[in-house]
Amino acid sequence: MTVRRLVLTLVMVVAGLAEVARPALAGQAATAQAPAATRTPDVIFVPTPQEVVDEMLKLAKVGPNDVIYDLGSGDGRIPITAAKVYGARGIGIDIDPQRIREANANAQTAGVADKVRFLNQDLFTTNISEATVVTLYLLPSLNLKLLPKLNRELKPGTRIVSHAFDMGDARPRETLNVNGRTIYFWTIPIM
């Protein structure tokens, strides 16, 4: 292996693009790929059960004038449901390009691709200031890490709904149990 190929291999592995690098290093043309994740996801994708999605959106009193931001949107079920059931607009943010492809396909199938968008971005750096409702299914540590961003970027009264995980000492306005799963609800500012 030449030094150039060795350096290229190391750079590609460090960047997390080893799968794209392999065909090129074997002398084959690399096939076009979807944008790569900008970093490793903080959590593995575990879908929120649909009955929990339904209750999250009810608890947030979602309506047709709302803009839902789902941070860590996975397969897109929360923005898709908000658009299909309530006529809201939805934005899903996910760092995993595979999840974005899946969410876009699901939006097409549900007939709401004109009302939802899925962005392959980092939820910690994406501007979320247009949201009227933010949904989460992350981890307690990530919710706490997000708390300053939520308070800084969102307008007072913006509704925040989290499946399963709280925000430490920040007391929710409401909690709801759905078949053993907890939903937490706050409004901005969250103290």
# chains A, B, ... in the order shown; residues from 1 in each chain; ligands from 1
$ select_by_dssp --residues "range 15-145 of chain A" --states "strand (DSSP E or B)" --output "short mmCIF file (atom, residue, chain, number, x, y, z; two decimals) with C-alpha atoms, in the first residue's frame"
data_model
loop_
_atom_site.label_atom_id
_atom_site.label_comp_id
_atom_site.auth_asym_id
_atom_site.auth_seq_id
_atom_site.Cartn_x
_atom_site.Cartn_y
_atom_site.Cartn_z
CA VAL A 67 -44.50 24.15 13.82
CA ILE A 68 -43.26 20.93 15.44
CA TYR A 69 -39.53 20.32 15.77
CA ASP A 70 -38.66 16.74 16.62
CA LEU A 71 -35.06 16.60 17.83
CA ARG A 89 -45.97 21.71 9.89
CA GLY A 90 -43.15 19.48 11.04
CA ILE A 91 -39.37 19.56 11.00
CA GLY A 92 -37.37 16.49 11.97
CA ILE A 93 -33.71 16.81 12.88
CA ASP A 94 -31.54 13.70 12.90
CA VAL A 116 -42.82 18.06 6.79
CA ARG A 117 -39.07 18.34 6.23
CA PHE A 118 -36.30 16.17 7.58
CA LEU A 119 -32.86 17.66 8.02
CA ASN A 120 -29.64 15.68 8.39
CA VAL A 133 -43.63 22.70 19.91
CA VAL A 134 -40.45 20.65 20.44
CA THR A 135 -40.55 16.89 20.96
CA LEU A 136 -37.78 14.78 22.46
#
$ closest_atom_pairs --of "range 116-186 of chain A" --to "range 61-65 of chain A" --cutoff "12 Å" --atoms "only C-alpha atoms" --output "CSV"
residue,atom,partner,partner_atom,distance
A:Glu130,CA,A:Asn65,CA,11.7
A:Ala131,CA,A:Asn65,CA,10.7
A:Thr132,CA,A:Asn65,CA,8.8
A:Val133,CA,A:Val62,CA,7.6
A:Val134,CA,A:Val62,CA,10.6
A:Thr135,CA,A:Val62,CA,11.3
A:Thr158,CA,A:Val62,CA,11.1
A:Arg159,CA,A:Lys61,CA,8.9
A:Ile160,CA,A:Lys61,CA,11.0
A:Val161,CA,A:Lys61,CA,10.6
A:Phe185,CA,A:Lys61,CA,10.9
$ write_last_selection --atoms "C-alpha atoms" --output "CSV table (one decimal), in the first residue's frame"
chain,number,residue,atom,x,y,z
A,130,GLU,CA,-39.4,28.9,14.7
A,131,ALA,CA,-40.7,25.9,16.7
A,132,THR,CA,-43.9,26.3,18.6
A,133,VAL,CA,-43.6,22.7,19.9
A,134,VAL,CA,-40.5,20.6,20.4
A,135,THR,CA,-40.6,16.9,21.0
A,158,THR,CA,-43.2,27.2,23.3
A,159,ARG,CA,-44.3,23.7,24.4
A,160,ILE,CA,-41.7,21.0,25.1
A,161,VAL,CA,-42.7,17.3,25.3
A,185,PHE,CA,-44.5,18.6,29.4
$ residues_around --residues "range 163-166 of chain A" --least-positions-apart "3" --cutoff "8 Å" --atoms "only C-alpha atoms" --output "PDB file with C-alpha atoms, in the first residue's frame"
ATOM      1  CA  THR A  48     -41.606   6.060  20.174  1.00  0.00           C
ATOM      2  CA  VAL A  52     -47.201   7.656  23.006  1.00  0.00           C
ATOM      3  CA  MET A  56     -47.495  13.658  23.305  1.00  0.00           C
ATOM      4  CA  THR A 135     -40.552  16.891  20.962  1.00  0.00           C
ATOM      5  CA  LEU A 136     -37.780  14.781  22.459  1.00  0.00           C
ATOM      6  CA  TYR A 137     -36.926  11.149  23.062  1.00  0.00           C
ATOM      7  CA  LEU A 138     -33.285  11.397  23.985  1.00  0.00           C
ATOM      8  CA  LEU A 139     -31.587  10.728  27.338  1.00  0.00           C
ATOM      9  CA  PRO A 140     -31.691  12.737  30.579  1.00  0.00           C
ATOM     10  CA  ASN A 143     -32.149  16.843  27.655  1.00  0.00           C
ATOM     11  CA  ALA A 170     -36.699  21.413  35.983  1.00  0.00           C
ATOM     12  CA  PRO A 172     -42.608  19.706  34.330  1.00  0.00           C
ATOM     13  CA  ARG A 181     -44.329   5.160  29.641  1.00  0.00           C
ATOM     14  CA  THR A 182     -43.956   8.652  31.053  1.00  0.00           C
ATOM     15  CA  ILE A 183     -44.443  11.838  29.049  1.00  0.00           C
ATOM     16  CA  TYR A 184     -43.127  15.148  30.434  1.00  0.00           C
TER      17      TYR A 184
END
$ closest_residue --among "A:Gln50, A:Thr125, A:Asn177, A:Gln98" --to "Lys145 in chain A" --atoms "only C-alpha atoms"
A:Thr125
$ select_by_dssp --residues "chain A" --states "helix (DSSP H, G or I)" --output "PyMOL selection string"
chain A and resi 3-14+18-25+50-59+77-86+97-110+140-153
$ write_last_selection --atoms "C-alpha atoms" --output "short mmCIF file (atom, residue, chain, number, x, y, z; two decimals), in the first residue's frame"
data_model
loop_
_atom_site.label_atom_id
_atom_site.label_comp_id
_atom_site.auth_asym_id
_atom_site.auth_seq_id
_atom_site.Cartn_x
_atom_site.Cartn_y
_atom_site.Cartn_z
CA VAL A 3 1.79 6.12 1.68
CA ARG A 4 -0.87 8.17 -0.12
CA ARG A 5 -3.38 5.30 0.09
CA LEU A 6 -2.53 4.67 3.73
CA VAL A 7 -3.10 8.34 4.60
CA LEU A 8 -6.35 8.38 2.61
CA THR A 9 -7.52 5.24 4.41
CA LEU A 10 -6.74 6.75 7.83
CA VAL A 11 -8.51 10.01 6.98
CA MET A 12 -11.59 8.17 5.74
CA VAL A 13 -11.74 5.93 8.81
CA VAL A 14 -11.35 8.88 11.17
CA ALA A 18 -14.74 3.61 5.80
CA GLU A 19 -17.58 2.04 3.81
CA VAL A 20 -17.21 4.67 1.09
CA ALA A 21 -13.41 4.39 1.12
CA ARG A 22 -13.21 0.60 0.62
CA PRO A 23 -14.34 0.49 -3.05
CA ALA A 24 -12.16 3.46 -3.96
CA LEU A 25 -9.10 1.90 -2.34
CA GLN A 50 -47.55 5.42 18.19
CA GLU A 51 -49.86 5.57 21.21
CA VAL A 52 -47.20 7.66 23.01
CA VAL A 53 -46.79 9.90 19.94
CA ASP A 54 -50.54 10.50 19.92
CA GLU A 55 -50.59 11.43 23.62
CA MET A 56 -47.49 13.66 23.31
CA LEU A 57 -49.19 15.70 20.58
CA LYS A 58 -52.47 15.87 22.54
CA LEU A 59 -50.66 16.98 25.69
CA ARG A 77 -43.40 9.47 13.04
CA ILE A 78 -43.92 12.51 15.31
CA PRO A 79 -43.78 15.25 12.62
CA ILE A 80 -45.70 13.01 10.23
CA THR A 81 -48.47 12.39 12.78
CA ALA A 82 -48.60 16.11 13.66
CA ALA A 83 -49.06 16.97 9.98
CA LYS A 84 -51.52 14.19 9.17
CA VAL A 85 -53.75 14.44 12.26
CA TYR A 86 -53.48 18.11 13.25
CA PRO A 97 -28.66 9.99 7.11
CA GLN A 98 -30.35 6.56 7.07
CA ARG A 99 -33.06 7.86 9.42
CA ILE A 100 -33.56 10.91 7.17
CA ARG A 101 -34.06 8.69 4.11
CA GLU A 102 -36.52 6.53 6.05
CA ALA A 103 -38.43 9.57 7.38
CA ASN A 104 -38.72 11.10 3.90
CA ALA A 105 -40.06 7.82 2.52
CA ASN A 106 -42.56 7.60 5.40
CA ALA A 107 -43.72 11.19 4.75
CA GLN A 108 -44.30 10.35 1.08
CA THR A 109 -46.27 7.24 2.01
CA ALA A 110 -48.36 9.20 4.54
CA PRO A 140 -31.69 12.74 30.58
CA SER A 141 -28.12 13.96 30.04
CA LEU A 142 -28.95 15.14 26.50
CA ASN A 143 -32.15 16.84 27.65
CA LEU A 144 -30.09 18.73 30.26
CA LYS A 145 -27.48 19.62 27.64
CA LEU A 146 -30.30 20.96 25.42
CA LEU A 147 -31.97 23.00 28.17
CA PRO A 148 -29.90 26.21 27.70
CA LYS A 149 -30.47 26.05 23.92
CA LEU A 150 -34.21 25.60 24.36
CA ASN A 151 -34.45 28.57 26.74
CA ARG A 152 -32.20 30.72 24.54
CA GLU A 153 -33.71 30.01 21.09
#
$ atom_distance --atom1 "CA of Gly157 in chain A" --atom2 "CA of Asp66 in chain A"
12.2 Å
$ decode --residues "range 87-134 of chain A" --atoms "N, CA and C atoms" --output "mmCIF file, in the first residue's frame"
data_model
loop_
_atom_site.group_PDB
_atom_site.id
_atom_site.type_symbol
_atom_site.label_atom_id
_atom_site.label_comp_id
_atom_site.auth_asym_id
_atom_site.auth_seq_id
_atom_site.Cartn_x
_atom_site.Cartn_y
_atom_site.Cartn_z
ATOM 1 N N GLY A 87 -52.696 18.861 11.049
ATOM 2 C CA GLY A 87 -52.436 19.866 10.022
ATOM 3 C C GLY A 87 -51.255 20.762 10.328
ATOM 4 N N ALA A 88 -50.441 20.397 11.314
ATOM 5 C CA ALA A 88 -49.273 21.198 11.683
ATOM 6 C C ALA A 88 -48.155 20.988 10.662
ATOM 7 N N ARG A 89 -47.200 21.913 10.661
ATOM 8 C CA ARG A 89 -45.971 21.712 9.886
ATOM 9 C C ARG A 89 -44.967 21.027 10.794
ATOM 10 N N GLY A 90 -44.111 20.200 10.222
ATOM 11 C CA GLY A 90 -43.145 19.477 11.036
ATOM 12 C C GLY A 90 -41.748 19.519 10.459
ATOM 13 N N ILE A 91 -40.782 19.615 11.360
ATOM 14 C CA ILE A 91 -39.368 19.564 11.001
ATOM 15 C C ILE A 91 -38.735 18.481 11.865
ATOM 16 N N GLY A 92 -38.101 17.517 11.237
ATOM 17 C CA GLY A 92 -37.374 16.491 11.967
ATOM 18 C C GLY A 92 -35.886 16.719 11.804
ATOM 19 N N ILE A 93 -35.166 16.643 12.898
ATOM 20 C CA ILE A 93 -33.715 16.807 12.882
ATOM 21 C C ILE A 93 -33.106 15.487 13.331
ATOM 22 N N ASP A 94 -32.238 14.925 12.512
ATOM 23 C CA ASP A 94 -31.544 13.703 12.895
ATOM 24 C C ASP A 94 -30.154 13.708 12.273
ATOM 25 N N ILE A 95 -29.205 13.197 13.012
ATOM 26 C CA ILE A 95 -27.820 13.184 12.557
ATOM 27 C C ILE A 95 -27.504 11.982 11.670
ATOM 28 N N ASP A 96 -28.398 10.996 11.661
ATOM 29 C CA ASP A 96 -28.185 9.760 10.910
ATOM 30 C C ASP A 96 -28.851 9.855 9.537
ATOM 31 N N PRO A 97 -28.065 9.855 8.455
ATOM 32 C CA PRO A 97 -28.660 9.989 7.114
ATOM 33 C C PRO A 97 -29.635 8.857 6.763
ATOM 34 N N GLN A 98 -29.416 7.662 7.316
ATOM 35 C CA GLN A 98 -30.348 6.560 7.074
ATOM 36 C C GLN A 98 -31.730 6.885 7.638
ATOM 37 N N ARG A 99 -31.781 7.474 8.816
ATOM 38 C CA ARG A 99 -33.063 7.860 9.419
ATOM 39 C C ARG A 99 -33.745 8.931 8.565
ATOM 40 N N ILE A 100 -32.983 9.851 8.017
ATOM 41 C CA ILE A 100 -33.560 10.908 7.168
ATOM 42 C C ILE A 100 -34.190 10.293 5.921
ATOM 43 N N ARG A 101 -33.489 9.355 5.297
ATOM 44 C CA ARG A 101 -34.060 8.685 4.112
ATOM 45 C C ARG A 101 -35.359 7.969 4.474
ATOM 46 N N GLU A 102 -35.338 7.257 5.602
ATOM 47 C CA GLU A 102 -36.524 6.526 6.053
ATOM 48 C C GLU A 102 -37.681 7.482 6.351
ATOM 49 N N ALA A 103 -37.389 8.592 7.042
ATOM 50 C CA ALA A 103 -38.428 9.566 7.382
ATOM 51 C C ALA A 103 -39.032 10.185 6.124
ATOM 52 N N ASN A 104 -38.202 10.531 5.155
ATOM 53 C CA ASN A 104 -38.721 11.102 3.905
ATOM 54 C C ASN A 104 -39.610 10.114 3.173
ATOM 55 N N ALA A 105 -39.224 8.850 3.149
ATOM 56 C CA ALA A 105 -40.063 7.821 2.517
ATOM 57 C C ALA A 105 -41.384 7.676 3.269
ATOM 58 N N ASN A 106 -41.330 7.707 4.596
ATOM 59 C CA ASN A 106 -42.559 7.599 5.396
ATOM 60 C C ASN A 106 -43.484 8.798 5.168
ATOM 61 N N ALA A 107 -42.906 9.994 5.021
ATOM 62 C CA ALA A 107 -43.723 11.189 4.755
ATOM 63 C C ALA A 107 -44.416 11.071 3.397
ATOM 64 N N GLN A 108 -43.705 10.561 2.409
ATOM 65 C CA GLN A 108 -44.305 10.350 1.078
ATOM 66 C C GLN A 108 -45.469 9.368 1.180
ATOM 67 N N THR A 109 -45.231 8.262 1.859
ATOM 68 C CA THR A 109 -46.265 7.238 2.014
ATOM 69 C C THR A 109 -47.484 7.788 2.741
ATOM 70 N N ALA A 110 -47.255 8.633 3.751
ATOM 71 C CA ALA A 110 -48.362 9.201 4.538
ATOM 72 C C ALA A 110 -49.053 10.357 3.825
ATOM 73 N N GLY A 111 -48.491 10.822 2.715
ATOM 74 C CA GLY A 111 -49.100 11.915 1.965
ATOM 75 C C GLY A 111 -48.912 13.283 2.592
ATOM 76 N N VAL A 112 -47.858 13.461 3.396
ATOM 77 C CA VAL A 112 -47.643 14.749 4.053
ATOM 78 C C VAL A 112 -46.270 15.352 3.735
ATOM 79 N N ALA A 113 -45.653 14.897 2.650
ATOM 80 C CA ALA A 113 -44.323 15.398 2.294
ATOM 81 C C ALA A 113 -44.315 16.905 2.045
ATOM 82 N N ASP A 114 -45.473 17.473 1.752
ATOM 83 C CA ASP A 114 -45.555 18.926 1.557
ATOM 84 C C ASP A 114 -45.610 19.688 2.885
ATOM 85 N N LYS A 115 -45.818 18.992 4.000
ATOM 86 C CA LYS A 115 -45.955 19.650 5.305
ATOM 87 C C LYS A 115 -44.801 19.354 6.261
ATOM 88 N N VAL A 116 -43.935 18.415 5.906
ATOM 89 C CA VAL A 116 -42.820 18.064 6.791
ATOM 90 C C VAL A 116 -41.499 18.087 6.031
ATOM 91 N N ARG A 117 -40.438 18.390 6.772
ATOM 92 C CA ARG A 117 -39.075 18.338 6.226
ATOM 93 C C ARG A 117 -38.206 17.615 7.235
ATOM 94 N N PHE A 118 -37.233 16.875 6.725
ATOM 95 C CA PHE A 118 -36.298 16.165 7.582
ATOM 96 C C PHE A 118 -34.890 16.603 7.220
ATOM 97 N N LEU A 119 -34.175 17.083 8.224
ATOM 98 C CA LEU A 119 -32.857 17.658 8.024
ATOM 99 C C LEU A 119 -31.791 16.799 8.673
ATOM 100 N N ASN A 120 -30.774 16.448 7.890
ATOM 101 C CA ASN A 120 -29.643 15.680 8.394
ATOM 102 C C ASN A 120 -28.678 16.660 9.052
ATOM 103 N N GLN A 121 -28.987 16.982 10.307
ATOM 104 C CA GLN A 121 -28.211 17.976 11.043
ATOM 105 C C GLN A 121 -28.038 17.550 12.493
ATOM 106 N N ASP A 122 -27.167 18.270 13.172
ATOM 107 C CA ASP A 122 -26.904 18.056 14.589
ATOM 108 C C ASP A 122 -27.919 18.870 15.386
ATOM 109 N N LEU A 123 -28.695 18.229 16.238
ATOM 110 C CA LEU A 123 -29.752 18.928 16.975
ATOM 111 C C LEU A 123 -29.208 19.973 17.934
ATOM 112 N N PHE A 124 -27.927 19.887 18.297
ATOM 113 C CA PHE A 124 -27.337 20.870 19.200
ATOM 114 C C PHE A 124 -26.931 22.155 18.485
ATOM 115 N N THR A 125 -26.804 22.103 17.144
ATOM 116 C CA THR A 125 -26.375 23.294 16.401
ATOM 117 C C THR A 125 -27.440 23.840 15.454
ATOM 118 N N THR A 126 -28.496 23.094 15.224
ATOM 119 C CA THR A 126 -29.570 23.535 14.331
ATOM 120 C C THR A 126 -30.391 24.643 14.986
ATOM 121 N N ASN A 127 -30.730 25.657 14.201
ATOM 122 C CA ASN A 127 -31.584 26.740 14.688
ATOM 123 C C ASN A 127 -33.024 26.214 14.791
ATOM 124 N N ILE A 128 -33.579 26.279 15.986
ATOM 125 C CA ILE A 128 -34.933 25.761 16.222
ATOM 126 C C ILE A 128 -35.909 26.874 16.606
ATOM 127 N N SER A 129 -35.526 28.106 16.355
ATOM 128 C CA SER A 129 -36.282 29.254 16.879
ATOM 129 C C SER A 129 -37.699 29.389 16.323
ATOM 130 N N GLU A 130 -38.015 28.769 15.194
ATOM 131 C CA GLU A 130 -39.378 28.887 14.659
ATOM 132 C C GLU A 130 -40.352 27.887 15.276
ATOM 133 N N ALA A 131 -39.847 26.978 16.106
ATOM 134 C CA ALA A 131 -40.702 25.944 16.703
ATOM 135 C C ALA A 131 -41.718 26.547 17.661
ATOM 136 N N THR A 132 -42.922 25.997 17.624
ATOM 137 C CA THR A 132 -43.930 26.292 18.648
ATOM 138 C C THR A 132 -44.089 25.101 19.585
ATOM 139 N N VAL A 133 -43.645 23.923 19.108
ATOM 140 C CA VAL A 133 -43.629 22.695 19.905
ATOM 141 C C VAL A 133 -42.330 21.960 19.584
ATOM 142 N N VAL A 134 -41.652 21.462 20.620
ATOM 143 C CA VAL A 134 -40.450 20.650 20.438
ATOM 144 C C VAL A 134 -40.694 19.309 21.117
#
